[in-house]
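K.L.:
structure_24.txt (compact mmCIF, C-alpha atoms and all ligand atoms) pasted underneath:
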# COMPACT_ATOMS: atom_id res chain seq x y z
CA ARG A 1318 98.64 56.10 120.28
CA PRO A 1319 95.71 58.37 119.45
CA ARG A 1320 92.27 57.69 120.84
CA VAL A 1321 89.95 56.48 118.13
CA HIS A 1322 86.22 56.66 117.53
CA GLY A 1323 85.27 54.21 114.79
CA GLY A 1324 87.74 54.89 112.01
CA GLN A 1325 88.58 58.45 113.12
CA VAL A 1326 90.87 60.03 115.68
CA ALA A 1327 89.12 61.56 118.73
CA VAL A 1328 90.67 64.72 120.20
CA SER A 1329 89.27 66.21 123.45
CA CYS A 1330 87.81 69.58 122.58
CA TRP A 1331 85.83 72.34 124.30
CA PHE A 1332 83.94 74.53 121.83
CA MET A 1333 83.77 78.04 123.29
CA ARG A 1334 82.62 81.55 122.58
CA GLY A 1335 85.18 84.12 123.64
CA GLY A 1336 83.81 87.66 123.34
CA THR A 1337 82.56 88.07 119.77
CA SER A 1338 84.57 85.12 118.45
CA ARG A 1339 84.14 81.37 118.68
CA GLY A 1340 86.19 78.23 118.22
CA PRO A 1341 87.49 74.96 119.62
CA PHE A 1342 89.87 74.95 122.59
CA PHE A 1343 92.39 72.21 123.20
CA ARG A 1344 94.77 71.27 126.01
CA ALA A 1345 98.28 71.40 124.56
CA ALA A 1346 98.94 67.80 125.68
CA ASP A 1347 95.98 66.54 123.60
CA LEU A 1348 97.49 67.79 120.32
CA PRO A 1349 100.68 66.70 118.54
CA GLY A 1350 103.66 68.78 119.72
CA ASP A 1351 105.15 69.04 116.23
CA ARG A 1352 103.94 72.21 114.56
CA ALA A 1353 103.08 70.77 111.13
CA ALA A 1354 101.30 67.79 112.70
CA ARG A 1355 99.36 70.12 115.03
CA ASP A 1356 98.34 72.39 112.15
CA ALA A 1357 97.07 69.42 110.13
CA VAL A 1358 94.76 68.50 113.05
CA LEU A 1359 93.53 72.10 113.42
CA LEU A 1360 92.82 72.39 109.69
CA ALA A 1361 90.88 69.09 109.70
CA ALA A 1362 88.97 70.05 112.88
CA MET A 1363 87.90 73.38 111.34
CA GLY A 1364 87.23 72.09 107.82
CA SER A 1365 89.75 74.43 106.16
CA PRO A 1366 90.48 75.13 103.40
CA ASP A 1367 86.93 75.46 102.15
CA PRO A 1368 84.92 78.70 102.01
CA ARG A 1369 81.99 77.00 103.80
CA GLN A 1370 84.13 74.85 106.13
CA ILE A 1371 81.43 72.26 105.53
CA ASP A 1372 83.56 69.35 106.78
CA GLY A 1373 84.52 70.87 110.14
CA LEU A 1374 83.65 73.16 113.06
CA GLY A 1375 84.53 76.47 111.37
CA GLY A 1376 81.77 79.02 110.81
CA ALA A 1377 82.83 80.29 107.34
CA ASN A 1378 84.03 83.64 108.72
CA PRO A 1379 87.43 84.67 110.15
CA LEU A 1380 85.74 85.36 113.53
CA THR A 1381 84.59 81.74 113.76
CA SER A 1382 87.75 80.18 112.28
CA LYS A 1383 89.82 80.52 115.42
CA ALA A 1384 91.27 77.92 117.79
CA GLY A 1385 92.90 78.05 121.23
CA ILE A 1386 95.57 75.82 122.77
CA VAL A 1387 96.15 76.15 126.50
CA ASP A 1388 98.57 74.67 129.02
CA ARG A 1389 99.58 75.22 132.64
CA SER A 1390 102.70 77.33 132.98
CA THR A 1391 105.84 76.70 134.98
CA ARG A 1392 107.06 80.29 134.52
CA ASP A 1393 107.23 82.60 137.52
CA GLY A 1394 104.06 84.63 137.99
CA ILE A 1395 102.25 82.96 135.08
CA ASP A 1396 99.41 80.46 135.56
CA LEU A 1397 98.44 79.59 132.01
CA GLU A 1398 99.98 79.74 128.54
CA PHE A 1399 97.71 80.37 125.57
CA LEU A 1400 98.51 79.92 121.91
CA PHE A 1401 95.91 81.44 119.61
CA ALA A 1402 95.60 80.09 116.07
CA GLN A 1403 93.89 82.03 113.29
CA LEU A 1404 92.66 79.87 110.45
CA GLN A 1405 90.86 81.20 107.41
CA PRO A 1406 87.92 79.42 105.83
CA ASP A 1407 89.52 79.26 102.38
CA SER A 1408 93.23 78.87 103.11
CA ASP A 1409 95.46 76.19 104.59
CA VAL A 1410 97.56 78.66 106.59
CA VAL A 1411 97.48 78.41 110.40
CA ASP A 1412 98.70 81.76 111.70
CA THR A 1413 99.92 81.92 115.30
CA THR A 1414 101.67 85.29 114.94
CA PRO A 1415 99.09 87.79 116.28
CA ASN A 1416 96.99 87.78 119.46
CA CYS A 1417 93.25 87.53 119.76
CA GLY A 1418 91.77 89.24 122.80
CA ASN A 1419 88.32 87.80 122.15
CA MET A 1420 89.47 84.19 122.22
CA LEU A 1421 91.62 85.15 125.23
CA ALA A 1422 88.38 85.79 127.15
CA ALA A 1423 87.59 82.06 126.98
CA VAL A 1424 90.98 80.86 128.26
CA VAL A 1425 90.34 80.89 132.02
CA PRO A 1426 86.82 79.38 131.74
CA PHE A 1427 88.33 76.71 129.47
CA ALA A 1428 91.15 76.00 131.93
CA VAL A 1429 88.60 75.37 134.71
CA GLU A 1430 86.32 73.28 132.46
CA SER A 1431 89.21 71.11 131.26
CA GLY A 1432 90.81 70.62 134.69
CA LEU A 1433 93.92 72.72 134.02
CA LEU A 1434 92.93 75.13 136.80
CA VAL A 1435 91.06 74.34 140.04
CA PRO A 1436 89.00 77.22 141.43
CA VAL A 1437 89.27 77.79 145.16
CA SER A 1438 87.10 80.87 145.71
CA ASP A 1439 84.08 82.69 144.30
CA THR A 1440 86.23 84.45 141.75
CA THR A 1441 89.25 82.98 139.99
CA THR A 1442 92.04 85.21 138.72
CA ALA A 1443 94.76 83.84 136.48
CA ARG A 1444 97.75 85.39 134.74
CA VAL A 1445 97.80 84.28 131.14
CA LEU A 1446 100.81 84.54 128.86
CA THR A 1447 100.05 84.56 125.14
CA LEU A 1448 102.69 82.51 123.37
CA ASN A 1449 101.83 84.41 120.18
CA THR A 1450 103.55 87.64 121.22
CA GLY A 1451 104.59 87.25 124.87
CA LEU A 1452 101.84 89.52 126.19
CA THR A 1453 100.42 88.86 129.68
CA ALA A 1454 96.88 89.44 130.85
CA GLU A 1455 95.28 89.17 134.26
CA ILE A 1456 91.84 87.63 133.86
CA THR A 1457 89.10 87.21 136.46
CA ILE A 1458 86.00 85.04 136.16
CA ARG A 1459 83.22 83.93 138.54
CA THR A 1460 83.55 80.47 140.07
CA PRO A 1461 80.86 80.03 142.76
CA GLU A 1462 80.35 76.93 144.90
CA GLY A 1463 77.61 74.67 143.55
CA GLU A 1464 76.08 71.42 144.70
CA TYR A 1465 78.97 69.41 143.21
CA GLY A 1466 81.81 71.87 143.84
CA ARG A 1467 82.95 75.08 142.20
CA TYR A 1468 81.97 75.74 138.60
CA VAL A 1469 82.31 78.49 135.98
CA ASP A 1470 79.26 80.72 136.18
CA TYR A 1471 78.36 81.93 132.69
CA ALA A 1472 75.11 83.65 133.69
CA GLY A 1473 75.17 87.36 134.45
CA GLN A 1474 74.19 90.87 133.49
CA THR A 1475 77.20 91.95 131.37
CA ARG A 1476 76.33 92.87 127.80
CA ILE A 1477 78.84 93.17 125.00
CA ASP A 1478 77.74 94.56 121.68
CA GLY A 1479 77.88 91.90 118.98
CA VAL A 1480 76.62 89.08 121.26
CA PRO A 1481 72.91 88.69 122.05
CA GLY A 1482 71.74 88.74 125.67
CA SER A 1483 73.88 89.08 128.76
CA ALA A 1484 76.38 86.88 130.59
CA ALA A 1485 78.85 86.83 133.48
CA PRO A 1486 81.73 89.29 133.14
CA VAL A 1487 85.23 88.20 132.22
CA SER A 1488 87.50 91.07 133.22
CA ILE A 1489 90.78 91.41 131.39
CA GLY A 1490 93.69 93.66 132.29
CA PHE A 1491 96.74 94.12 130.06
CA LEU A 1492 100.05 95.60 131.13
CA ASP A 1493 102.53 95.20 128.30
CA THR A 1494 100.82 95.47 124.95
CA GLU A 1495 103.12 97.94 123.13
CA GLY A 1496 104.69 96.55 119.95
CA SER A 1497 103.13 93.08 120.04
CA VAL A 1498 103.94 91.94 116.50
CA CYS A 1499 105.79 95.11 115.42
CA ALA A 1500 109.04 96.29 116.97
CA SER A 1501 107.38 99.15 118.87
CA LEU A 1502 104.16 101.07 119.48
CA LEU A 1503 104.79 103.36 116.50
CA PRO A 1504 106.76 101.08 114.17
CA THR A 1505 107.34 103.71 111.48
CA GLY A 1506 108.77 106.06 114.12
CA HIS A 1507 105.99 108.60 113.52
CA VAL A 1508 102.49 109.26 114.83
CA ARG A 1509 101.41 109.89 111.25
CA ASP A 1510 102.81 109.04 107.80
CA ARG A 1511 101.80 110.24 104.39
CA VAL A 1512 101.84 107.36 101.92
CA GLU A 1513 100.96 107.18 98.24
CA PRO A 1514 100.01 103.66 97.15
CA ALA A 1515 99.17 103.09 93.47
CA GLY A 1516 95.48 103.69 92.86
CA VAL A 1517 94.93 105.40 96.21
CA GLY A 1518 96.77 108.72 95.99
CA PRO A 1519 98.46 110.51 98.89
CA ILE A 1520 96.81 109.66 102.19
CA ASP A 1521 97.61 110.10 105.89
CA VAL A 1522 97.81 107.01 108.07
CA THR A 1523 98.75 106.14 111.63
CA CYS A 1524 100.58 102.83 111.91
CA ILE A 1525 100.36 101.61 115.49
CA ASP A 1526 100.57 98.40 117.54
CA ASN A 1527 99.36 98.39 121.14
CA GLY A 1528 98.44 94.69 121.09
CA MET A 1529 97.37 94.50 117.42
CA PRO A 1530 99.08 96.07 114.40
CA LEU A 1531 96.65 98.59 112.89
CA VAL A 1532 96.73 101.05 110.04
CA ILE A 1533 94.35 103.83 110.98
CA VAL A 1534 92.93 105.94 108.18
CA GLU A 1535 90.18 108.51 108.08
CA ALA A 1536 87.10 107.05 106.36
CA ALA A 1537 86.47 110.38 104.60
CA ALA A 1538 89.94 110.24 103.00
CA LEU A 1539 88.71 107.13 101.16
CA GLY A 1540 85.37 108.73 100.25
CA ARG A 1541 83.35 106.82 102.89
CA THR A 1542 81.50 108.08 105.97
CA GLY A 1543 82.74 105.28 108.23
CA HIS A 1544 79.14 104.72 109.36
CA GLU A 1545 78.32 102.17 106.63
CA SER A 1546 77.19 98.71 107.80
CA ALA A 1547 79.71 95.86 107.84
CA ALA A 1548 77.66 94.15 105.09
CA ALA A 1549 77.80 97.27 102.89
CA LEU A 1550 81.57 97.56 103.36
CA ASN A 1551 82.02 93.85 102.67
CA GLY A 1552 80.28 94.39 99.35
CA ASP A 1553 82.41 97.47 98.52
CA THR A 1554 85.06 95.83 96.34
CA GLU A 1555 86.45 99.17 95.15
CA LEU A 1556 87.19 100.19 98.76
CA LYS A 1557 88.62 96.78 99.60
CA THR A 1558 91.01 96.92 96.63
CA ARG A 1559 92.27 100.34 97.72
CA LEU A 1560 92.59 99.21 101.34
CA GLU A 1561 94.68 96.25 100.25
CA SER A 1562 97.15 98.38 98.26
CA LEU A 1563 97.39 100.71 101.26
CA ARG A 1564 97.94 97.71 103.55
CA LEU A 1565 100.77 96.30 101.44
CA VAL A 1566 102.63 99.64 101.50
CA CYS A 1567 102.04 100.15 105.24
CA GLY A 1568 103.05 96.56 106.04
CA GLU A 1569 106.50 97.26 104.59
CA LEU A 1570 106.72 100.61 106.43
CA MET A 1571 105.84 98.86 109.70
CA GLY A 1572 108.70 96.39 109.26
CA LEU A 1573 106.29 93.50 108.66
CA GLY A 1574 107.61 92.75 105.16
CA ASP A 1575 105.27 91.43 102.48
CA VAL A 1576 101.91 91.13 104.28
CA ARG A 1577 99.99 89.73 101.29
CA ALA A 1578 99.46 86.37 103.05
CA LYS A 1579 99.40 87.75 106.60
CA ASN A 1580 96.35 88.49 108.73
CA TYR A 1581 97.78 91.84 109.85
CA PRO A 1582 98.02 94.80 109.88
CA LYS A 1583 94.27 95.28 110.26
CA MET A 1584 92.92 98.29 108.36
CA THR A 1585 90.85 100.59 110.57
CA LEU A 1586 88.63 103.33 109.14
CA VAL A 1587 87.91 106.06 111.68
CA SER A 1588 85.39 108.87 111.81
CA ARG A 1589 83.73 111.00 114.48
CA ALA A 1590 81.61 109.05 116.97
CA ALA A 1591 77.87 109.33 116.41
CA HIS A 1592 76.53 107.91 119.68
CA GLY A 1593 78.42 109.74 122.38
CA GLY A 1594 81.60 107.64 122.14
CA ALA A 1595 85.19 108.74 121.62
CA ILE A 1596 85.66 107.52 118.04
CA ASN A 1597 83.85 105.49 115.41
CA THR A 1598 85.59 102.54 113.71
CA ARG A 1599 85.25 100.03 110.90
CA SER A 1600 87.92 97.35 111.26
CA PHE A 1601 89.02 95.11 108.37
CA ILE A 1602 90.59 91.84 109.60
CA PRO A 1603 92.16 92.37 107.10
CA HIS A 1604 89.92 91.49 104.12
CA VAL A 1605 86.56 91.18 105.84
CA CYS A 1606 84.94 94.01 107.80
CA HIS A 1607 84.62 92.95 111.47
CA GLU A 1608 81.01 92.81 112.71
CA SER A 1609 82.24 94.77 115.76
CA ILE A 1610 85.97 95.19 116.58
CA GLY A 1611 88.68 92.95 118.04
CA VAL A 1612 89.72 93.41 121.66
CA LEU A 1613 93.33 94.39 121.10
CA ALA A 1614 92.28 96.26 117.98
CA ALA A 1615 89.99 98.35 120.23
CA VAL A 1616 92.81 98.87 122.75
CA THR A 1617 95.11 99.98 119.92
CA ALA A 1618 92.51 102.27 118.35
CA ALA A 1619 91.80 103.85 121.76
CA THR A 1620 95.55 104.30 122.29
CA ALA A 1621 95.79 106.12 118.96
CA CYS A 1622 92.99 108.44 120.13
CA VAL A 1623 95.01 109.72 123.10
CA LEU A 1624 98.27 110.23 121.19
CA ASP A 1625 98.71 113.77 119.88
CA GLY A 1626 99.08 113.97 116.12
CA THR A 1627 97.57 110.65 115.09
CA VAL A 1628 94.83 110.39 112.46
CA ALA A 1629 92.48 109.15 115.22
CA HIS A 1630 93.35 111.92 117.70
CA ASP A 1631 92.07 114.63 115.37
CA LEU A 1632 88.65 112.97 115.18
CA ALA A 1633 88.38 111.80 118.78
CA ASP A 1634 86.15 113.21 121.46
CA LEU A 1635 88.30 112.88 124.59
CA PRO A 1636 87.66 113.69 128.23
CA GLY A 1637 89.43 116.91 129.20
CA GLY A 1638 92.07 117.48 131.87
CA ASP A 1639 95.25 115.73 132.84
CA ARG A 1640 93.93 112.34 133.82
CA THR A 1641 95.77 109.14 134.54
CA ASP A 1642 92.75 106.96 133.74
CA VAL A 1643 90.33 107.36 130.86
CA ALA A 1644 87.45 105.19 129.67
CA LEU A 1645 87.04 105.47 125.92
CA SER A 1646 84.04 104.15 124.06
CA VAL A 1647 85.08 102.85 120.64
CA GLU A 1648 82.05 102.71 118.36
CA HIS A 1649 81.78 99.90 115.79
CA PRO A 1650 79.12 98.41 113.45
CA ALA A 1651 77.30 96.52 116.24
CA GLY A 1652 77.50 99.18 118.98
CA GLU A 1653 80.48 100.16 121.12
CA PHE A 1654 83.41 98.74 123.07
CA THR A 1655 84.59 100.54 126.22
CA VAL A 1656 88.33 100.38 126.92
CA GLU A 1657 89.89 101.78 130.10
CA LEU A 1658 93.37 103.16 129.59
CA GLY A 1659 95.92 104.00 132.26
CA LEU A 1660 98.08 106.96 131.21
CA ASP A 1661 101.55 107.70 132.51
CA PRO A 1662 101.40 111.28 133.86
CA ALA A 1663 105.17 111.60 133.47
CA GLY A 1664 105.34 110.17 129.95
CA GLY A 1665 103.10 112.51 127.99
CA ARG A 1666 100.06 110.46 127.11
CA ARG A 1667 101.79 107.09 127.12
CA VAL A 1668 99.35 104.25 127.73
CA THR A 1669 100.71 101.99 130.47
CA ARG A 1670 97.81 99.59 130.99
CA SER A 1671 94.36 98.78 129.67
CA ALA A 1672 91.32 96.98 131.02
CA LEU A 1673 88.03 95.83 129.59
CA LEU A 1674 85.12 93.46 130.04
CA ARG A 1675 84.15 90.54 127.83
CA THR A 1676 81.93 87.51 128.29
CA ALA A 1677 82.47 83.88 127.27
CA ARG A 1678 80.59 80.59 127.28
CA LEU A 1679 81.25 76.89 126.91
CA ILE A 1680 79.02 75.74 124.06
CA MET A 1681 80.02 72.08 123.72
CA ALA A 1682 82.44 69.68 125.36
CA GLY A 1683 83.48 66.35 123.88
CA ASP A 1684 85.69 65.04 121.10
CA VAL A 1685 86.30 66.52 117.69
CA LEU A 1686 86.82 63.71 115.20
CA VAL A 1687 89.50 64.06 112.56
CA PRO A 1688 90.11 61.71 109.65
CA PRO A 1689 93.06 59.37 110.30
CA HIS A 1690 95.13 60.89 107.45
CA ALA A 1691 95.10 64.22 109.34
CA TRP A 1692 96.70 62.69 112.45
CA ARG A 1693 100.45 62.28 112.57
CA PRO A 1694 101.83 61.78 116.05
CA GLY A 1695 104.63 64.19 116.85
O1 LIG B 1701 92.03 92.31 118.22
C1 LIG B 1701 89.65 89.57 115.10
C2 LIG B 1701 88.44 89.11 117.13
C3 LIG B 1701 89.69 89.52 116.43
C4 LIG B 1701 90.91 89.79 117.17
C5 LIG B 1701 90.78 89.86 114.26
C6 LIG B 1701 90.80 90.32 118.53
C7 LIG B 1701 91.78 91.36 118.97
O2 LIG B 1701 87.52 89.88 117.22
O3 LIG B 1701 92.29 91.21 120.07
O4 LIG B 1701 89.97 89.94 119.34
O5 LIG B 1701 91.38 90.90 114.44
O6 LIG B 1701 91.05 89.06 113.35
O7 LIG B 1701 88.39 87.97 117.60
Would you give me this structure, written as structure tokens?
P.N.:
Amino acid sequence: RPRVHGGQVAVSCWFMRGGTSRGPFFRAADLPGDRAARDAVLLAAMGSPDPRQIDGLGGANPLTSKAGIVDRSTRDGIDLEFLFAQLQPDSDVVDTTPNCGNMLAAVVPFAVESGLLVPVSDTTTARVLTLNTGLTAEITIRTPEGEYGRYVDYAGQTRIDGVPGSAAPVSIGFLDTEGSVCASLLPTGHVRDRVEPAGVGPIDVTCIDNGMPLVIVEAAALGRTGHESAAALNGDTELKTRLESLRLVCGELMGLGDVRAKNYPKMTLVSRAAHGGAINTRSFIPHVCHESIGVLAAVTAATACVLDGTVAHDLADLPGGDRTDVALSVEHPAGEFTVELGLDPAGGRRVTRSALLRTARLIMAGDVLVPPHAWRPG
């Protein structure tokens, strides 16, 4: 039997910011287990489909139309399992195929807030498995002792571009990100492909997936500088039309089939960095230009920078020498995103691990109320 509040169904919900994204988090046991029944609750909670999401928690943008579902894990070496759900304001599709590294940043704080994880020392480290693609991340947050026991400390000095102010760091390390949604890191088998979509003409792309499937293309090849604001690019319908025909062709080449209704691959315009970073990016997710860049999109873009022959490599400003660790600053519309990459000295420039910092915050805890017709037990 569902819990009710008046004539509606009450579902326990923690509304969280994770990195530069935001959305409701749920414990798996609080949602219906059946996929269609679960999706109906998520759609009602977010207010989709509706471009304004006026009847729900969604923020009328893909970055604020995300939800997280978390459970304890019984698998060896894994503490928590996280299923990320991407909703879109104006569609009724709930996509759990790709990862979201920004929402991932809120998983361990959420687990402590909701009682799934009990902190025992000043920092809490958990291994999180994403059920979306099977990727694991080791995540550390601060959990100091307070007057009433240990709590998640959100206050701190870490700044991430795209979020005002500063907050406590959430450190994330990834080990196995290659070929998350695609079959491999370079799903076309090449570091670079020349494609010729209708209305675009011949153009070089790098199709790559080190946690997020991306199509990387030089901004100048599409007649843009790559330094335009996100708002200007969002208003550039001619560019968006060309990017979509390029995306459809590359989706097939990447083995993803017809990607018309899919949220990936993300289209990433690259150009030379202008503020001392390694590369400059404008990331389309896939139809709206990201205000900054996604976490695994940044990891994948940085990976492309270190691989000889990619479209990004030619434009990247990389530290010299034969290093096994590099920190690359990926510039984006709101600033930059630093990604640390571990390189295998024996495997050319193969990226073996990545690490980065995010912040997160619990914004609201309580019940989200969904109309009774949206709740089907299952
Ligand atoms: O790439 C947006 C975001 C993301 C995804 C998107 C992300 C990632 O910024 O890991 O974080 O690509 O739709 O939340």
K.L.:
Do you have the atom CA of A:Glu1561-atom CA of A:Leu1421 distance handy?
P.N.:
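According to the coordinates, atom CA of A:Glu1561 and atom CA of A:Leu1421 are separated by 27.5 Å.
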K.L.:
Could you write out as JSON the box around ligand LIG 1701 (chain B) (axis-aligned, all atoms listed in the file, 4 Å on each side), with centre and edge lengths in Å to one decimal?
P.N.:
{"center_x": 89.9, "center_y": 90.1, "center_z": 116.7, "size_x": 12.8, "size_y": 12.3, "size_z": 14.7}
K.L.:
Find the residues around A:Val1616 up to 7 Å (all atoms listed in the file counted), leave out those fewer than 3 positions away in its own chain, and share them as a JSON list (two decimals) with C-alpha atoms, in the frame of the given file.
P.N.:
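Saved file result.json follows:
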[["chain", "number", "residue", "atom", "x", "y", "z"],
["A", 1527, "ASN", "CA", 99.36, 98.39, 121.14],
["A", 1612, "VAL", "CA", 89.72, 93.41, 121.66],
["A", 1613, "LEU", "CA", 93.33, 94.39, 121.10],
["A", 1619, "ALA", "CA", 91.80, 103.85, 121.76],
["A", 1620, "THR", "CA", 95.55, 104.30, 122.29],
["A", 1656, "VAL", "CA", 88.33, 100.38, 126.92]]
K.L.:
Using all atoms listed in the file, find each residue with an atom at most 6 Å away from ligand LIG 1701 (chain B) and format the answer as JSON, numbers by chain.
P.N.:
{"A": [1337, 1338, 1380, 1416, 1417, 1418, 1419, 1529, 1602, 1610, 1611, 1612, 1613, 1614]}
K.L.:
For A:Ala1618, work out the shell of residues within 8 Å, counting all atoms listed in the file and skipping chain neighbours fewer than 3 positions away, then give it as a JSON list (two decimals) with C-alpha atoms, in the coordinates of the input.
P.N.:
[["chain", "number", "residue", "atom", "x", "y", "z"],
["A", 1531, "LEU", "CA", 96.65, 98.59, 112.89],
["A", 1533, "ILE", "CA", 94.35, 103.83, 110.98],
["A", 1614, "ALA", "CA", 92.28, 96.26, 117.98],
["A", 1615, "ALA", "CA", 89.99, 98.35, 120.23],
["A", 1621, "ALA", "CA", 95.79, 106.12, 118.96],
["A", 1622, "CYS", "CA", 92.99, 108.44, 120.13],
["A", 1629, "ALA", "CA", 92.48, 109.15, 115.22],
["A", 1647, "VAL", "CA", 85.08, 102.85, 120.64]]
K.L.:
Leaving out A:Pro1662 and any residue of its chain fewer than 6 positions from it, which residues lie within 9 Å of it when counting all atoms listed in the file, given as a ChimeraX atom specification?
P.N.:
/A:1639-1641
K.L.:
Taking the partial coordinates given, rebuild stretch 1585-1599 of chain A to contain N, CA and C atoms; return it as a CSV table (one decimal), in the frame of the given file.
P.N.:
chain,number,residue,atom,x,y,z
A,1585,THR,N,91.9,100.0,109.7
A,1585,THR,CA,90.8,100.6,110.6
A,1585,THR,C,90.4,102.0,110.1
A,1586,LEU,N,89.2,102.0,109.6
A,1586,LEU,CA,88.6,103.3,109.1
A,1586,LEU,C,88.1,104.0,110.4
A,1587,VAL,N,88.4,105.3,110.5
A,1587,VAL,CA,87.9,106.1,111.7
A,1587,VAL,C,87.1,107.3,111.2
A,1588,SER,N,86.2,107.6,112.0
A,1588,SER,CA,85.4,108.9,111.8
A,1588,SER,C,84.9,109.3,113.2
A,1589,ARG,N,84.2,110.5,113.2
A,1589,ARG,CA,83.7,111.0,114.5
A,1589,ARG,C,82.6,110.1,115.0
A,1590,ALA,N,82.6,109.9,116.3
A,1590,ALA,CA,81.6,109.0,117.0
A,1590,ALA,C,80.2,109.7,116.8
A,1591,ALA,N,79.2,108.8,116.6
A,1591,ALA,CA,77.9,109.3,116.4
A,1591,ALA,C,76.9,109.1,117.6
A,1592,HIS,N,77.4,108.3,118.6
A,1592,HIS,CA,76.5,107.9,119.7
A,1592,HIS,C,77.1,108.2,121.0
A,1593,GLY,N,77.9,109.3,121.1
A,1593,GLY,CA,78.4,109.7,122.4
A,1593,GLY,C,79.8,109.1,122.7
A,1594,GLY,N,80.3,108.3,121.9
A,1594,GLY,CA,81.6,107.6,122.1
A,1594,GLY,C,82.8,108.5,121.8
A,1595,ALA,N,84.0,108.0,121.9
A,1595,ALA,CA,85.2,108.7,121.6
A,1595,ALA,C,85.5,108.8,120.1
A,1596,ILE,N,85.3,107.6,119.5
A,1596,ILE,CA,85.7,107.5,118.0
A,1596,ILE,C,84.8,106.5,117.4
A,1597,ASN,N,84.6,106.5,116.1
A,1597,ASN,CA,83.8,105.5,115.4
A,1597,ASN,C,84.8,104.7,114.5
A,1598,THR,N,84.6,103.4,114.5
A,1598,THR,CA,85.6,102.5,113.7
A,1598,THR,C,84.9,101.5,112.8
A,1599,ARG,N,85.6,101.2,111.7
A,1599,ARG,CA,85.2,100.0,110.9
A,1599,ARG,C,86.6,99.3,110.7
